[in-house]
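So this one's run.cif, mmCIF, C-alpha atoms:
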```cif
data_model
#
loop_
_atom_site.label_atom_id
_atom_site.label_comp_id
_atom_site.auth_asym_id
_atom_site.auth_seq_id
_atom_site.Cartn_x
_atom_site.Cartn_y
_atom_site.Cartn_z
CA MET A 1 -2.84 5.16 19.41
CA ARG A 2 -4.81 5.05 16.14
CA LYS A 3 -1.82 6.46 14.27
CA VAL A 4 0.45 3.80 15.72
CA THR A 5 -2.02 1.03 14.88
CA ALA A 6 -2.42 2.41 11.37
CA ALA A 7 1.33 2.55 10.93
CA VAL A 8 1.75 -1.07 12.02
CA MET A 9 -1.04 -2.19 9.73
CA ALA A 10 0.43 -0.18 6.87
CA SER A 11 3.79 -1.82 7.37
CA THR A 12 2.23 -5.26 7.22
CA LEU A 13 0.37 -4.42 4.03
CA ALA A 14 3.33 -2.76 2.39
CA PHE A 15 5.53 -5.85 2.64
CA SER A 16 3.46 -7.30 -0.17
CA ALA A 17 3.33 -4.09 -2.23
CA LEU A 18 6.75 -4.51 -3.76
CA SER A 19 6.11 -8.05 -4.95
CA GLN A 20 2.64 -7.11 -6.17
CA ALA A 21 4.00 -4.18 -8.14
CA ALA A 22 6.54 -6.50 -9.68
CA GLY A 23 3.73 -8.87 -10.65
CA VAL A 24 1.82 -6.09 -12.37
CA ILE A 25 4.83 -5.07 -14.40
CA THR A 26 5.83 -8.59 -15.36
CA GLY A 27 2.26 -9.55 -16.13
CA ASP A 28 2.03 -12.06 -13.28
CA ASN A 29 -1.10 -10.56 -11.71
CA LYS A 30 -4.10 -12.88 -11.98
CA SER A 31 -7.71 -11.82 -12.09
CA SER A 32 -10.12 -12.68 -9.31
CA SER A 33 -11.99 -14.90 -11.78
CA GLU A 34 -8.97 -17.19 -11.69
CA GLY A 35 -9.34 -17.60 -7.94
CA ILE A 36 -6.63 -15.13 -6.99
CA THR A 37 -7.53 -11.80 -5.50
CA GLN A 38 -6.44 -8.60 -7.18
CA PRO A 39 -3.39 -6.84 -5.77
CA SER A 40 -3.84 -3.68 -3.74
CA SER A 41 -4.91 -0.46 -5.46
CA GLN A 42 -1.36 0.86 -5.27
CA SER A 43 -0.08 -1.93 -7.53
CA HIS A 44 -2.78 -1.15 -10.11
CA MET A 45 -0.74 1.86 -11.10
CA PHE A 46 -0.23 0.68 -14.68
CA ASP A 47 -3.60 -1.01 -15.26
CA GLY A 48 -5.13 0.12 -18.52
CA ILE A 49 -1.80 1.31 -19.93
CA SER A 50 -0.36 -0.49 -22.92
CA LEU A 51 3.37 -0.73 -22.39
CA THR A 52 5.90 -1.47 -25.08
CA GLU A 53 8.17 -4.44 -24.53
CA HIS A 54 11.06 -2.02 -24.01
CA GLN A 55 9.09 -0.17 -21.29
CA ARG A 56 8.19 -3.47 -19.63
CA GLN A 57 11.83 -4.49 -19.59
CA GLN A 58 12.92 -1.15 -18.15
CA MET A 59 10.28 -1.43 -15.43
CA ARG A 60 11.27 -5.03 -14.65
CA ASP A 61 14.86 -3.86 -14.30
CA LEU A 62 13.81 -1.05 -11.94
CA MET A 63 11.78 -3.46 -9.81
CA GLN A 64 14.58 -6.00 -9.72
CA ARG A 65 17.01 -3.33 -8.54
CA ALA A 66 14.49 -2.12 -5.96
CA ARG A 67 13.98 -5.67 -4.64
CA HIS A 68 17.72 -6.18 -4.49
CA ASP A 69 18.28 -2.89 -2.64
CA GLN A 70 15.32 -3.40 -0.30
CA PRO A 71 16.33 -4.50 3.20
CA PRO A 72 14.83 -7.85 4.17
CA VAL A 73 11.66 -7.91 6.24
CA ASN A 74 12.62 -7.50 9.87
CA VAL A 75 10.88 -10.54 11.34
CA SER A 76 12.37 -9.94 14.78
CA GLU A 77 10.53 -6.59 14.98
CA MET A 78 7.26 -8.34 14.19
CA GLU A 79 8.00 -11.00 16.79
CA THR A 80 8.76 -8.31 19.36
CA MET A 81 5.42 -6.64 18.63
CA HIS A 82 3.64 -9.97 18.92
CA ARG A 83 5.23 -10.60 22.32
CA LEU A 84 4.15 -7.14 23.48
CA VAL A 85 0.60 -7.69 22.26
CA THR A 86 0.30 -11.09 23.89
CA ALA A 87 2.07 -10.18 27.15
CA GLU A 88 0.32 -10.76 30.46
CA ASN A 89 0.41 -7.03 31.20
CA PHE A 90 0.01 -4.49 28.41
CA ASP A 91 2.93 -2.04 28.24
CA GLU A 92 1.66 0.86 26.17
CA SER A 93 4.96 2.73 26.13
CA ALA A 94 6.87 -0.34 24.90
CA VAL A 95 4.24 -0.98 22.21
CA ARG A 96 4.43 2.67 21.18
CA VAL A 97 8.24 2.55 20.89
CA GLN A 98 8.09 -0.69 18.91
CA ALA A 99 5.30 0.56 16.63
CA GLU A 100 7.17 3.79 15.94
CA LYS A 101 10.31 1.84 15.09
CA MET A 102 8.35 -0.37 12.70
CA ALA A 103 6.61 2.68 11.24
CA GLN A 104 9.94 4.38 10.53
CA GLU A 105 11.11 1.29 8.65
CA GLN A 106 7.84 1.30 6.72
CA VAL A 107 8.22 4.97 5.83
CA ALA A 108 11.67 4.23 4.41
CA ARG A 109 10.21 1.39 2.29
CA GLN A 110 7.36 3.58 1.07
CA VAL A 111 9.75 6.39 0.12
CA GLU A 112 11.86 3.93 -1.86
CA MET A 113 8.80 2.51 -3.64
CA ALA A 114 7.60 6.03 -4.44
CA ARG A 115 11.01 6.76 -5.96
CA VAL A 116 10.77 3.62 -8.13
CA ARG A 117 7.20 4.44 -9.18
CA ASN A 118 8.35 7.95 -10.09
CA GLN A 119 11.07 6.50 -12.29
CA MET A 120 8.51 4.19 -13.89
CA PHE A 121 6.11 7.05 -14.48
CA HIS A 122 8.82 8.94 -16.34
CA LEU A 123 9.38 5.95 -18.64
CA LEU A 124 5.86 6.50 -19.98
CA THR A 125 4.99 8.61 -22.99
CA PRO A 126 2.93 11.78 -22.33
CA GLU A 127 -0.14 9.95 -23.67
CA GLN A 128 0.42 7.04 -21.30
CA GLN A 129 0.95 9.46 -18.41
CA ALA A 130 -2.37 11.13 -19.24
CA VAL A 131 -4.17 7.76 -19.20
CA LEU A 132 -2.48 6.88 -15.91
CA ASN A 133 -3.55 10.19 -14.36
CA GLU A 134 -7.12 9.71 -15.59
CA LYS A 135 -7.29 6.18 -14.13
CA HIS A 136 -5.87 7.49 -10.86
CA GLN A 137 -8.53 10.20 -10.71
CA GLN A 138 -11.25 7.61 -11.29
CA ARG A 139 -9.92 5.48 -8.40
CA MET A 140 -9.76 8.53 -6.13
CA ASP A 141 -13.35 9.42 -7.00
CA GLN A 142 -14.41 5.86 -6.13
CA LEU A 143 -12.54 6.00 -2.82
CA ARG A 144 -14.12 9.35 -1.97
CA GLU A 145 -17.54 7.85 -2.61
CA VAL A 146 -16.77 4.85 -0.39
CA ALA A 147 -15.49 7.18 2.35
CA ARG A 148 -18.61 9.32 2.04
CA MET A 149 -20.83 6.24 2.34
CA GLN A 150 -18.86 4.97 5.35
CA LYS A 151 -19.11 8.34 7.06
CA SER A 152 -22.82 8.41 6.38
CA SER A 153 -23.34 4.91 7.77
CA ASP A 154 -21.14 5.69 10.80
CA SER A 155 -23.16 8.77 11.67
CA THR A 156 -26.38 6.76 11.26
CA PHE A 157 -24.99 4.03 13.53
CA PHE A 158 -23.87 6.47 16.20
CA SER A 159 -27.12 8.44 16.17
CA SER A 160 -29.24 5.27 16.45
CA ASN A 161 -26.89 3.87 19.10
CA THR A 162 -27.15 7.09 21.11
CA ARG A 163 -30.94 6.93 20.98
CA SER A 164 -31.00 3.29 22.11
CA ASN A 165 -28.71 4.09 25.07
CA GLN A 166 -30.94 6.87 26.36
#
```
With the file now loaded, output its structure as C-alpha cells.
Amino acid sequence: MRKVTAAVMASTLAFSALSQAAGVITGDNKSSSEGITQPSSQSHMFDGISLTEHQRQQMRDLMQRARHDQPPVNVSEMETMHRLVTAENFDESAVRVQAEKMAQEQVARQVEMARVRNQMFHLLTPEQQAVLNEKHQQRMDQLREVARMQKSSDSTFFSSNTRSNQ
C-alpha cells in the first residue's frame, strides 16, 4: 500500500514539475525571499549554470513542445480517487486499481520529462555539464544526510516508544 500511496503522491507533485522546470529555464522562478517558495529539487537542474541566450531559447522551445505534447491532467481520475477515499466503506481493491492507473499515467509523464531533460543536458557544453553534475552530487549528498538523520531519529523514536509501552 505504501508504494501505491507514494505513486499517487508522486503524481500529484509531478503535475507541477513541468511548469516549474519551464519557470527555471525562462527565468520565472522567484526566490523564497520574495515570498514565493522555491520549486522542487528536480526543477533546480540548471541552477548555478550560466546559459547563453541561444541555449535558453533552445530549452524554452523544448519545454514548449513538451507542454504542447503533454496530455492534460486527468481530473476525472483524481475525482474518482477522491470518491474512493471518502466513500462510506473503504474498497481497497478499487483504490489499488485507481492508484495503479494514476501511477502509470505519472510514469509516462516522468519518462517524457526525463527525455526532455536529457535533450536539455545535451545542449550544455562539457564545462556546463560538469558543473551540473557537481551540483547534482552536492544535492544527493545533502539528501543522504537528511535521510541518515531521519533514520536515526526514527530508530530513536521507536526504541523510546517500545520502552514506554513495556
Interatomic distance (Å, one decimal) between atom CA of Gln98 of chain A and atom CA of His82 of chain A: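 These atoms are spaced 10.3 Å apart.
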Residue members of the PyMOL selection byres ((chain A and resi 75-78) around 12) in the file shown, as a PyMOL selection string: chain A and resi 8-9+11-12+15+71-74+79-85+95+97-106
Interatomic distance, atom CA of Arg65 of chain A to atom CA of Gln110 of chain A (Å, one decimal): 15.3 Å
Distance query Asn118 of chain A at most 12 Å, all atoms listed in the file, self and fewer than 6 positions along chain excluded, as JSON, numbers by chain: {"A": [45, 59, 62, 63, 111, 112, 124, 129]}
d(atom CA of Arg117 of chain A, atom CA of Ala66 of chain A) in Å: 10.3 Å
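Minimum atom-to-atom distance to Gln119 of chain A, evaluated using all atoms listed in the file, belongs to A:Gln58 out of A:Ala147, A:Glu53, A:Gln58, A:Ala94.
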Neighbour residues at most 12 Å from (1.4, 0.6, -21.3) (all atoms listed in the file) as an NGL selection string: :A and (24-27 or 45-57 or 59 or 120-121 or 123-132)
Selected residue of minimal separation from Ala108 of chain A among A:Thr156, A:Asp61, A:Gln70, A:Ala87, counting all atoms listed in the file: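 Closest candidate: A:Gln70.
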Local residues around (-10.6, 4.8, -6.8), at most 12 Å away, using all atoms listed in the file, as a list in words: Ser40, Ser41, Gln42, His44, Met45, Asn133, Glu134, Lys135, His136, Gln137, Gln138, Arg139, Met140, Asp141, Gln142, Leu143, Arg144, Glu145, Val146 and Ala147 of chain A
